[in-house]
file input_8.csv (CSV, C-alpha atoms)
chain,number,residue,atom,x,y,z
C,1,MET,CA,-28.0,26.7,-13.4
C,2,VAL,CA,-27.2,23.8,-11.1
C,3,GLN,CA,-23.7,23.9,-9.7
C,4,LYS,CA,-21.5,20.9,-9.2
C,5,ARG,CA,-21.2,19.6,-5.6
C,6,GLN,CA,-18.3,20.9,-3.7
C,7,ASP,CA,-17.7,18.2,-1.1
C,8,TYR,CA,-16.3,15.5,-3.4
C,9,ILE,CA,-13.1,13.8,-2.3
C,10,THR,CA,-9.7,14.6,-3.7
C,11,TRP,CA,-7.6,12.1,-5.8
C,12,ASP,CA,-5.3,11.5,-2.8
C,13,GLU,CA,-8.3,10.8,-0.5
C,14,TYR,CA,-9.8,8.5,-3.1
C,15,PHE,CA,-6.7,6.4,-3.8
C,16,MET,CA,-5.6,6.3,-0.1
C,17,GLY,CA,-9.2,5.3,0.7
C,18,VAL,CA,-8.9,2.4,-1.8
C,19,ALA,CA,-5.6,1.4,-0.2
C,20,TYR,CA,-7.3,1.3,3.2
C,21,LEU,CA,-10.3,-0.6,1.9
C,22,SER,CA,-7.8,-3.1,0.3
C,23,ALA,CA,-6.1,-3.5,3.7
C,24,LYS,CA,-9.4,-4.8,5.1
C,25,ARG,CA,-8.9,-8.0,3.1
C,26,SER,CA,-5.8,-8.9,5.1
C,27,LYS,CA,-6.2,-11.8,7.5
C,28,ASP,CA,-3.1,-10.6,9.5
C,29,PRO,CA,-4.3,-10.2,13.1
C,30,ASN,CA,-1.7,-7.5,13.8
C,31,THR,CA,-1.0,-5.4,10.8
C,32,GLN,CA,-3.2,-4.8,7.8
C,33,VAL,CA,-1.6,-3.0,4.9
C,34,GLY,CA,-3.2,-2.0,1.6
C,35,SER,CA,-1.8,-0.6,-1.7
C,36,CYS,CA,-3.4,1.0,-4.8
C,37,ILE,CA,-1.3,1.6,-8.0
C,38,VAL,CA,-2.6,4.5,-10.1
C,39,SER,CA,-1.6,5.7,-13.6
C,40,SER,CA,-0.7,9.3,-14.3
C,41,ASP,CA,-4.2,10.0,-15.6
C,42,HIS,CA,-5.8,8.8,-12.4
C,43,LYS,CA,-6.8,5.3,-13.4
C,44,ILE,CA,-6.5,2.5,-10.9
C,45,LEU,CA,-4.2,-0.1,-12.3
C,46,SER,CA,-3.9,-2.6,-9.4
C,47,MET,CA,-4.5,-3.1,-5.7
C,48,GLY,CA,-3.0,-5.4,-3.1
C,49,TYR,CA,-2.9,-6.3,0.6
C,50,ASN,CA,-0.6,-8.2,2.9
C,51,GLY,CA,-1.3,-11.9,2.9
C,52,LEU,CA,-0.3,-15.4,2.0
C,53,PRO,CA,0.5,-16.4,-1.6
C,54,ARG,CA,-2.4,-17.8,-3.6
C,55,GLY,CA,-3.0,-21.4,-2.7
C,56,CYS,CA,-1.5,-21.2,0.8
C,57,SER,CA,-4.3,-21.7,3.3
C,58,ASP,CA,-4.8,-18.8,5.8
C,59,ASP,CA,-5.5,-21.5,8.4
C,60,MET,CA,-2.5,-23.7,7.8
C,61,PHE,CA,0.3,-21.0,8.1
C,62,PRO,CA,1.4,-19.1,11.2
C,63,TRP,CA,0.3,-15.5,11.9
C,64,SER,CA,2.7,-15.0,14.9
C,65,ARG,CA,5.1,-12.1,15.1
C,66,GLU,CA,7.5,-13.8,17.5
C,67,GLY,CA,9.1,-17.3,17.9
C,68,GLN,CA,11.2,-19.5,15.7
C,69,PRO,CA,11.3,-18.0,12.2
C,70,LEU,CA,9.2,-20.8,10.6
C,71,MET,CA,6.6,-20.4,13.3
C,72,THR,CA,6.1,-16.7,12.4
C,73,LYS,CA,4.3,-15.0,9.5
C,74,TYR,CA,7.4,-13.3,8.1
C,75,PRO,CA,8.8,-16.0,5.8
C,76,PHE,CA,5.3,-16.6,4.3
C,77,VAL,CA,3.4,-13.3,4.0
C,78,THR,CA,3.6,-11.2,0.8
C,79,HIS,CA,3.5,-7.5,1.4
C,80,SER,CA,0.7,-5.3,-0.1
C,81,GLU,CA,3.0,-3.4,-2.5
C,82,LEU,CA,4.5,-6.6,-4.0
C,83,ASN,CA,1.0,-8.1,-4.3
C,84,ALA,CA,-0.3,-5.0,-6.1
C,85,ILE,CA,2.7,-5.1,-8.5
C,86,LEU,CA,2.3,-8.9,-9.1
C,87,ASN,CA,-1.5,-8.5,-9.5
C,88,TYR,CA,-1.1,-6.1,-12.4
C,89,ARG,CA,-1.7,-7.7,-15.8
C,90,GLY,CA,-1.7,-4.7,-18.0
C,91,GLY,CA,2.0,-4.3,-19.0
C,92,SER,CA,4.3,-1.6,-17.7
C,93,LEU,CA,3.9,0.3,-14.5
C,94,GLU,CA,6.4,2.9,-15.7
C,95,GLY,CA,5.6,6.3,-14.2
C,96,ALA,CA,2.8,5.1,-11.9
C,97,THR,CA,2.1,6.2,-8.4
C,98,ILE,CA,1.5,3.7,-5.5
C,99,TYR,CA,-0.6,4.7,-2.5
C,100,VAL,CA,0.2,2.5,0.5
C,101,THR,CA,-1.0,2.7,4.1
C,102,LEU,CA,2.4,1.9,5.6
C,103,PHE,CA,5.8,3.1,4.2
C,104,PRO,CA,7.4,0.4,2.1
C,105,CYS,CA,10.1,-1.9,3.5
C,106,ASN,CA,13.4,-2.3,1.6
C,107,GLU,CA,12.2,-5.4,-0.2
C,108,CYS,CA,9.1,-3.7,-1.5
C,109,ALA,CA,11.1,-0.6,-2.3
C,110,LYS,CA,13.3,-2.7,-4.7
C,111,ALA,CA,10.1,-4.1,-6.4
C,112,ILE,CA,8.7,-0.6,-6.7
C,113,ILE,CA,11.9,0.7,-8.3
C,114,GLN,CA,12.2,-2.2,-10.6
C,115,ALA,CA,8.5,-1.9,-11.7
C,116,GLY,CA,9.1,1.7,-12.8
C,117,ILE,CA,6.8,3.3,-10.2
C,118,ARG,CA,7.9,6.9,-9.7
C,119,THR,CA,5.9,8.1,-6.8
C,120,VAL,CA,5.0,6.6,-3.4
C,121,VAL,CA,2.3,8.2,-1.3
C,122,TYR,CA,2.2,6.7,2.2
C,123,ASP,CA,0.2,7.2,5.3
C,124,SER,CA,1.9,5.7,8.3
C,125,ASP,CA,5.7,5.9,8.7
C,126,LYS,CA,5.7,4.1,12.1
C,127,TYR,CA,8.9,2.2,11.3
C,128,ALA,CA,10.8,5.3,10.1
C,129,ASP,CA,13.9,4.5,12.2
C,130,SER,CA,14.1,0.9,11.2
C,131,ASP,CA,16.9,-0.3,8.9
C,132,ALA,CA,14.4,-1.5,6.4
C,133,THR,CA,12.7,2.0,6.1
C,134,VAL,CA,16.0,3.9,6.1
C,135,ALA,CA,17.3,1.6,3.3
C,136,SER,CA,14.0,2.2,1.4
C,137,LYS,CA,14.4,5.9,1.5
C,138,ARG,CA,18.0,5.7,0.5
C,139,MET,CA,17.1,3.6,-2.6
C,140,PHE,CA,14.2,5.9,-3.4
C,141,ASP,CA,16.5,9.0,-3.1
C,142,ALA,CA,19.2,7.4,-5.3
C,143,THR,CA,16.8,6.4,-8.0
C,144,GLY,CA,14.6,9.6,-8.1
C,145,VAL,CA,11.5,7.9,-6.7
C,146,ARG,CA,9.4,10.6,-5.1
C,147,TYR,CA,7.7,9.9,-1.9
C,148,TYR,CA,5.5,11.9,0.4
C,149,GLN,CA,3.3,11.4,3.3
C,150,TYR,CA,-0.5,11.5,2.7
C,151,THR,CA,-2.0,14.6,4.4
C,152,ARG,CA,-5.0,13.4,6.4
C,153,THR,CA,-8.1,15.6,5.9
C,154,GLY,CA,-10.1,14.2,8.8
C,155,ARG,CA,-13.0,13.6,6.5
C,156,LYS,CA,-15.1,10.6,7.5
C,157,ILE,CA,-16.8,8.4,4.9
C,158,GLU,CA,-19.1,5.7,6.0
C,159,LEU,CA,-19.9,2.7,3.8
C,160,GLU,CA,-22.7,0.3,4.4
C,161,LEU,CA,-21.9,-3.0,2.8
call {"tool": "encode", "arguments": {"input": "input_8.csv", "output": "structure tokens"}}
result
Amino acid sequence: MVQKRQDYITWDEYFMGVAYLSAKRSKDPNTQVGSCIVSSDHKILSMGYNGLPRGCSDDMFPWSREGQPLMTKYPFVTHSELNAILNYRGGSLEGATIYVTLFPCNECAKAIIQAGIRTVVYDSDKYADSDATVASKRMFDATGVRYYQYTRTGRKIELEL
């Protein structure tokens, strides 16, 4: 009898991998973030990455991190989590899980909570001490949104595209 293969990836590896692949679509020269929203029965519902809103040319808006506010990317870029929520066209996200490569900011946390997403799986928490991240965790704790850091396995997967 032929046995099933044993080296298949876990659900967390799969969905975080999709989030990282989505991040590769970002045109941001500094930070590429990706998200993948998943149903409780392991179906991908939506994906997103940080970038400009539809119709805004990537060549006509700034990508700087510093300078006068309107000369930076911050007033213009939509974060990956919000893009994934807005990209979903199937109805409710109630009870879903979002996999995201960077812990959500406070604005994205509000959208996650309002959308009914109940679990956040994140990889990097490099801004853990920032006001935005502290506010996010406070809101998640207050509303019962579960969050946990993805445990890296060290597995390498190579894709040839």
call {"tool": "closest_residue", "arguments": {"input": "input_8.csv", "among": "C:Lys43, C:Arg138, C:Arg25, C:Lys4", "to": "Ser80 of chain C", "atoms": "all atoms listed in the file"}}
result
C:Arg25
call {"tool": "residues_around", "arguments": {"input": "input_8.csv", "residues": "segment 48-57 of chain C", "least_positions_apart": "2", "cutoff": "8 Å", "atoms": "only C-alpha atoms", "output": "PyMOL selection string"}}
result
chain C and resi 19+22-23+25-28+32-36+46+59-61+76-85+87
call {"tool": "closest_residue", "arguments": {"input": "input_8.csv", "among": "C:Thr101, C:Thr10, C:Ser40, C:Thr151", "to": "Lys126 of chain C", "atoms": "all atoms listed in the file"}}
result
C:Thr101
call {"tool": "closest_residue", "arguments": {"input": "input_8.csv", "among": "C:Thr143, C:Glu160, C:Tyr127, C:Thr153", "to": "Gly17 of chain C", "atoms": "all atoms listed in the file"}}
result
C:Thr153
call {"tool": "closest_residue", "arguments": {"input": "input_8.csv", "among": "C:Leu86, C:Ile112, C:Ile157, C:Val145", "to": "Val18 of chain C", "atoms": "all atoms listed in the file"}}
result
C:Ile157
call {"tool": "atom_distance", "arguments": {"input": "input_8.csv", "atom1": "atom CA of Ile113 of chain C", "atom2": "atom CA of Leu70 of chain C"}}
result
28.8 Å
call {"tool": "closest_residue", "arguments": {"input": "input_8.csv", "among": "C:Phe140, C:Trp63, C:Tyr148, C:Phe103", "to": "Pro75 of chain C", "atoms": "all atoms listed in the file"}}
result
C:Trp63
call {"tool": "residues_near_point", "arguments": {"input": "input_8.csv", "point": "(15.2, -2.2, 8.6)", "cutoff": "12 Å", "atoms": "all atoms listed in the file", "output": "list in words"}}
result
Phe103, Pro104, Cys105, Asn106, Glu107, Cys108, Ala109, Lys126, Tyr127, Ala128, Asp129, Ser130, Asp131, Ala132, Thr133, Val134, Ala135, Ser136, Lys137 and Arg138 of chain C
call {"tool": "build_atoms", "arguments": {"input": "input_8.csv", "residues": "segment 113-144 of chain C", "atoms": "N, CA and C atoms", "output": "tab-separated table (two decimals), in the coordinates of the input"}}
result
chain	number	residue	atom	x	y	z
C	113	ILE	N	10.86	0.15	-7.36
C	113	ILE	CA	11.90	0.70	-8.30
C	113	ILE	C	11.94	-0.06	-9.55
C	114	GLN	N	12.05	-1.37	-9.44
C	114	GLN	CA	12.20	-2.20	-10.60
C	114	GLN	C	10.95	-2.17	-11.52
C	115	ALA	N	9.77	-1.97	-10.92
C	115	ALA	CA	8.50	-1.90	-11.70
C	115	ALA	C	8.40	-0.57	-12.44
C	116	GLY	N	9.21	0.41	-12.08
C	116	GLY	CA	9.10	1.70	-12.80
C	116	GLY	C	8.18	2.69	-12.10
C	117	ILE	N	7.67	2.35	-10.92
C	117	ILE	CA	6.80	3.30	-10.20
C	117	ILE	C	7.62	4.45	-9.75
C	118	ARG	N	7.12	5.65	-9.98
C	118	ARG	CA	7.90	6.90	-9.70
C	118	ARG	C	7.53	7.66	-8.51
C	119	THR	N	6.33	7.37	-7.94
C	119	THR	CA	5.90	8.10	-6.80
C	119	THR	C	5.26	7.18	-5.76
C	120	VAL	N	5.59	7.38	-4.50
C	120	VAL	CA	5.00	6.60	-3.40
C	120	VAL	C	4.32	7.61	-2.47
C	121	VAL	N	3.02	7.39	-2.26
C	121	VAL	CA	2.30	8.20	-1.30
C	121	VAL	C	1.92	7.23	-0.16
C	122	TYR	N	2.37	7.56	1.04
C	122	TYR	CA	2.20	6.70	2.20
C	122	TYR	C	1.46	7.38	3.29
C	123	ASP	N	0.82	6.61	4.15
C	123	ASP	CA	0.20	7.20	5.30
C	123	ASP	C	1.07	7.08	6.53
C	124	SER	N	1.12	5.91	7.12
C	124	SER	CA	1.90	5.70	8.30
C	124	SER	C	3.41	5.52	8.00
C	125	ASP	N	4.25	6.08	8.84
C	125	ASP	CA	5.70	5.90	8.70
C	125	ASP	C	6.19	5.42	10.12
C	126	LYS	N	5.42	4.50	10.75
C	126	LYS	CA	5.70	4.10	12.10
C	126	LYS	C	7.04	3.40	12.31
C	127	TYR	N	7.63	2.90	11.23
C	127	TYR	CA	8.90	2.20	11.30
C	127	TYR	C	10.04	3.10	10.72
C	128	ALA	N	9.88	4.41	10.77
C	128	ALA	CA	10.80	5.30	10.10
C	128	ALA	C	12.26	5.13	10.52
C	129	ASP	N	12.51	4.72	11.75
C	129	ASP	CA	13.90	4.50	12.20
C	129	ASP	C	14.43	3.14	12.00
C	130	SER	N	13.63	2.25	11.43
C	130	SER	CA	14.10	0.90	11.20
C	130	SER	C	15.08	0.84	10.03
C	131	ASP	N	15.97	-0.13	10.05
C	131	ASP	CA	16.90	-0.30	8.90
C	131	ASP	C	16.22	-0.45	7.61
C	132	ALA	N	15.12	-1.20	7.60
C	132	ALA	CA	14.40	-1.50	6.40
C	132	ALA	C	13.84	-0.17	5.75
C	133	THR	N	13.30	0.70	6.58
C	133	THR	CA	12.70	2.00	6.10
C	133	THR	C	13.84	2.93	5.68
C	134	VAL	N	14.90	2.99	6.46
C	134	VAL	CA	16.00	3.90	6.10
C	134	VAL	C	16.62	3.41	4.77
C	135	ALA	N	16.74	2.10	4.57
C	135	ALA	CA	17.30	1.60	3.30
C	135	ALA	C	16.31	1.92	2.15
C	136	SER	N	15.01	1.82	2.38
C	136	SER	CA	14.00	2.20	1.40
C	136	SER	C	14.20	3.61	0.91
C	137	LYS	N	14.26	4.52	1.87
C	137	LYS	CA	14.40	5.90	1.50
C	137	LYS	C	15.70	6.22	0.82
C	138	ARG	N	16.74	5.54	1.22
C	138	ARG	CA	18.00	5.70	0.50
C	138	ARG	C	17.95	5.27	-0.92
C	139	MET	N	17.29	4.13	-1.17
C	139	MET	CA	17.10	3.60	-2.60
C	139	MET	C	16.21	4.56	-3.36
C	140	PHE	N	15.12	5.00	-2.75
C	140	PHE	CA	14.20	5.90	-3.40
C	140	PHE	C	14.94	7.21	-3.82
C	141	ASP	N	15.71	7.76	-2.87
C	141	ASP	CA	16.50	9.00	-3.10
C	141	ASP	C	17.48	8.78	-4.27
C	142	ALA	N	18.16	7.64	-4.26
C	142	ALA	CA	19.20	7.40	-5.30
C	142	ALA	C	18.61	7.19	-6.66
C	143	THR	N	17.36	6.72	-6.73
C	143	THR	CA	16.80	6.40	-8.00
C	143	THR	C	15.74	7.46	-8.49
C	144	GLY	N	15.54	8.49	-7.68
C	144	GLY	CA	14.60	9.60	-8.10
C	144	GLY	C	13.15	9.22	-7.86
